[in-house]
Every structure is written in structure tokens, then in C-alpha cells.
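Asks: Have a look at this one.
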Amino acid sequence: MFSQKQEQAITDYLIFHQLPLDILLEVKDHMLSQVADIQAEENKSFEEAFHKTQKLWESEFKLTSYSLFYSEQIPVLLKKIVKEKFTGILKKSLLFGLASFTVNLLLIYFSADQEIYNDLFRFYNSVIVMIPFLYWIFNKNMRKYVRRDFKYQEKSFFTMYQRNFGIFAVSGNFIFQIILRGDEHLFRFFRTNDPVSVFPLIVSLILPYILHILIFFIIINFYEHKKSLLRMQNYLKISGHN
């Protein structure tokens, strides 16, 4: 068994290495177990066993870059975990984005004319962009945990997902611009014999798909963020963060 002071020493060590709280707690369990094993097998004090454990983990805490999600350098361990988790989210987002893209194309064939298509296009894309917004509205207890400046002990993000929500502001802004403008190129290309310029057509095909991928990424990111917070609920209450 470890004293509260000893456990806090490990927590402080992991916070110093910029681990978000959800990852920190997982790593902390492994480190506590490793420290306990070293103490039992080598008859060392906590300080000696903890120091040896730090040496064993040293390579995992070397700094590296991951410019896709972080502007600053992060520990190798964090990069490994983030890369695995976000690759999974991105794959799901690509599939949902493809399904959404298919719906966008089907709207063309459900529309009798350009005006009806524009109305359906605006309505459908408005729904897509409203989903994460409504998720935010109906999860009011989580709002403080979504803020980028809200950190555990003012040093560590609560979850690895917390810093990604700015993507919604960017992608949402672009989708609103598309909604306001509507789209005439796709309808003209698929339903009329009118000539359509290649570049605007490609943009009309690709841009909504990319933006929908980003929206779905944020939705799944928010869901995973919420799950992580629920798993940490008891710890946060004990540590005084409600």
C-alpha cells in the first residue's frame, strides 16, 4: 500500500510530463504496480523504487512532435496513445462522412429543380452542423471540462480529447458559408445539360465531404471525452474537482 503523499508524488511526476488526466491515471496505475514490484523484489524504499521506475520509463517521456494535433512537443508515450485513439476516430469519421456525402448526392435526385435542391441542401447541412451544438447544449455539466483553459490542478488537461473542440468552430463556420450560398454546380452537373466548370464542381464535391468528416470527428471526440470524464468521476470528486 502507498501513502497519499507517495501517490501524489507519482501524480505530480506525470503532470510535470504534460499527460492529460485520463492518460495520467492509466499510466499511474502501471507505475504504482511497477514501484510495488521493485520494492517487493529488491527490498527497496519507495523513493529508490520510484527513482528506478522513472529510469525505466525515461524513453517514454522524451519529447517529440505531433504537428497534426499539437503545436508543442509532447512525450513519446502521449503521442503513441493519441495516435492510436485519434486514428480510430478518424476512420469512423471517414465512414460517417462518406455516408453523409452519399445523402448529399441523393438529395439531387430527390429534387425536382434547383430551388428545391438548395432548400434540401441547406436543411440537411444545417442539421449536420447542429448535432454537436445540441450535444453541447444538453450536456451542460460538461461545459467547463470542454474549455481549453480548464485544467486539472491548473496544469493538465482533463482528457486528451479536450483540446480538439476548436475544430468545430472552423468547420462549422465553413459549413454555414456553404449553407448561405447553396450549391448549383452539382445539380447542374447531375440533372441538367448545362456546362459546369471543373474546379467549382470539384470543390462542391470535396469540400462538404471534408467538413462533414471534421464535424463527425468532433462529435465522436466529444463522446469519447464524455466517456473519459464519467470513468474519472469518482477520482475527480475525491480530488475536489466537480
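Chain labels A, B, ... are given in the sequence in which chains occur in the C-alpha cells; within each chain residues are numbered consecutively from 1, and ligands are likewise numbered from 1 in the order shown.
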Hey, what's within 12 Å of Leu201 of chain A if we count only C-alpha atoms and toss same-chain stuff fewer than 2 positions away? As a list in words, please?

Replies: Asp183, Glu184, His185, Leu186, Phe187, Arg188, Phe189, Phe190, Pro195, Val196, Ser197, Val198, Phe199, Val203, Ser204, Leu205, Ile206, Leu207 and Pro208 of chain A

Asks: With a distance cut-off of 10 Å and only C-alpha atoms, select the neighbouring residues of Val82 of chain A, excluding the residue or stretch itself and same-chain residues fewer than 3 positions from it, and output the selection as a PyMOL selection string.

Replies: chain A and resi 23+66+69+76-79+85-88+160-161

Asks: Step one, run DSSP on the backbone; step two, keep only residues of segment 90-231 of chain A assigned to strand (DSSP E); then write them as a list in words.

Replies: Lys151, Tyr152, Ser156 and Phe157 of chain A

Asks: Report as JSON lines: every residue of segment 121-228 of chain A with an atom at most 6 Å from segment 95-111 of chain A, its closest pair of atoms, and their distance in Å to one decimal, counting only C-alpha atoms, with rows sorted by chain and ascending residue number.

Replies:
```
{"residue": "A:Phe187", "atom": "CA", "partner": "A:Ile108", "partner_atom": "CA", "distance": 5.9}
{"residue": "A:Tyr209", "atom": "CA", "partner": "A:Phe101", "partner_atom": "CA", "distance": 5.7}
{"residue": "A:His212", "atom": "CA", "partner": "A:Gly97", "partner_atom": "CA", "distance": 5.4}
{"residue": "A:Ile213", "atom": "CA", "partner": "A:Gly97", "partner_atom": "CA", "distance": 4.7}
```

Asks: Using N, CA and C atoms, can you export the residues from the last selection as a compact mmCIF listing (two decimals), in the first residue's frame?

Replies:
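And here is the file that came out, result.txt:
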```txt
# COMPACT_ATOMS: atom_id res chain seq x y z
N PHE A 187 -26.09 20.16 -58.89
CA PHE A 187 -27.40 19.94 -59.51
C PHE A 187 -27.31 20.11 -61.03
N TYR A 209 -17.69 17.18 -48.03
CA TYR A 209 -17.26 15.88 -47.50
C TYR A 209 -16.20 16.07 -46.42
N HIS A 212 -17.77 17.65 -43.31
CA HIS A 212 -18.59 16.69 -42.58
C HIS A 212 -17.71 15.72 -41.80
N ILE A 213 -16.58 15.33 -42.38
CA ILE A 213 -15.64 14.47 -41.66
C ILE A 213 -15.19 15.16 -40.37
```

Asks: Could you pull out the helix (DSSP H, G or I) residues of segment 22-190 of chain A from DSSP and send them as a PyMOL selection string?

Replies: chain A and resi 22-42+46-56+58-61+76-110+114-137+140-146+162-164+166-181+185-190

Asks: Closest to Met142 of chain A among A:Lys62, A:Lys80, A:Lys227, A:Arg163, using only C-alpha atoms?

Replies: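 Looking at the shortest contact to Met142 of chain A, the residue is A:Lys227.
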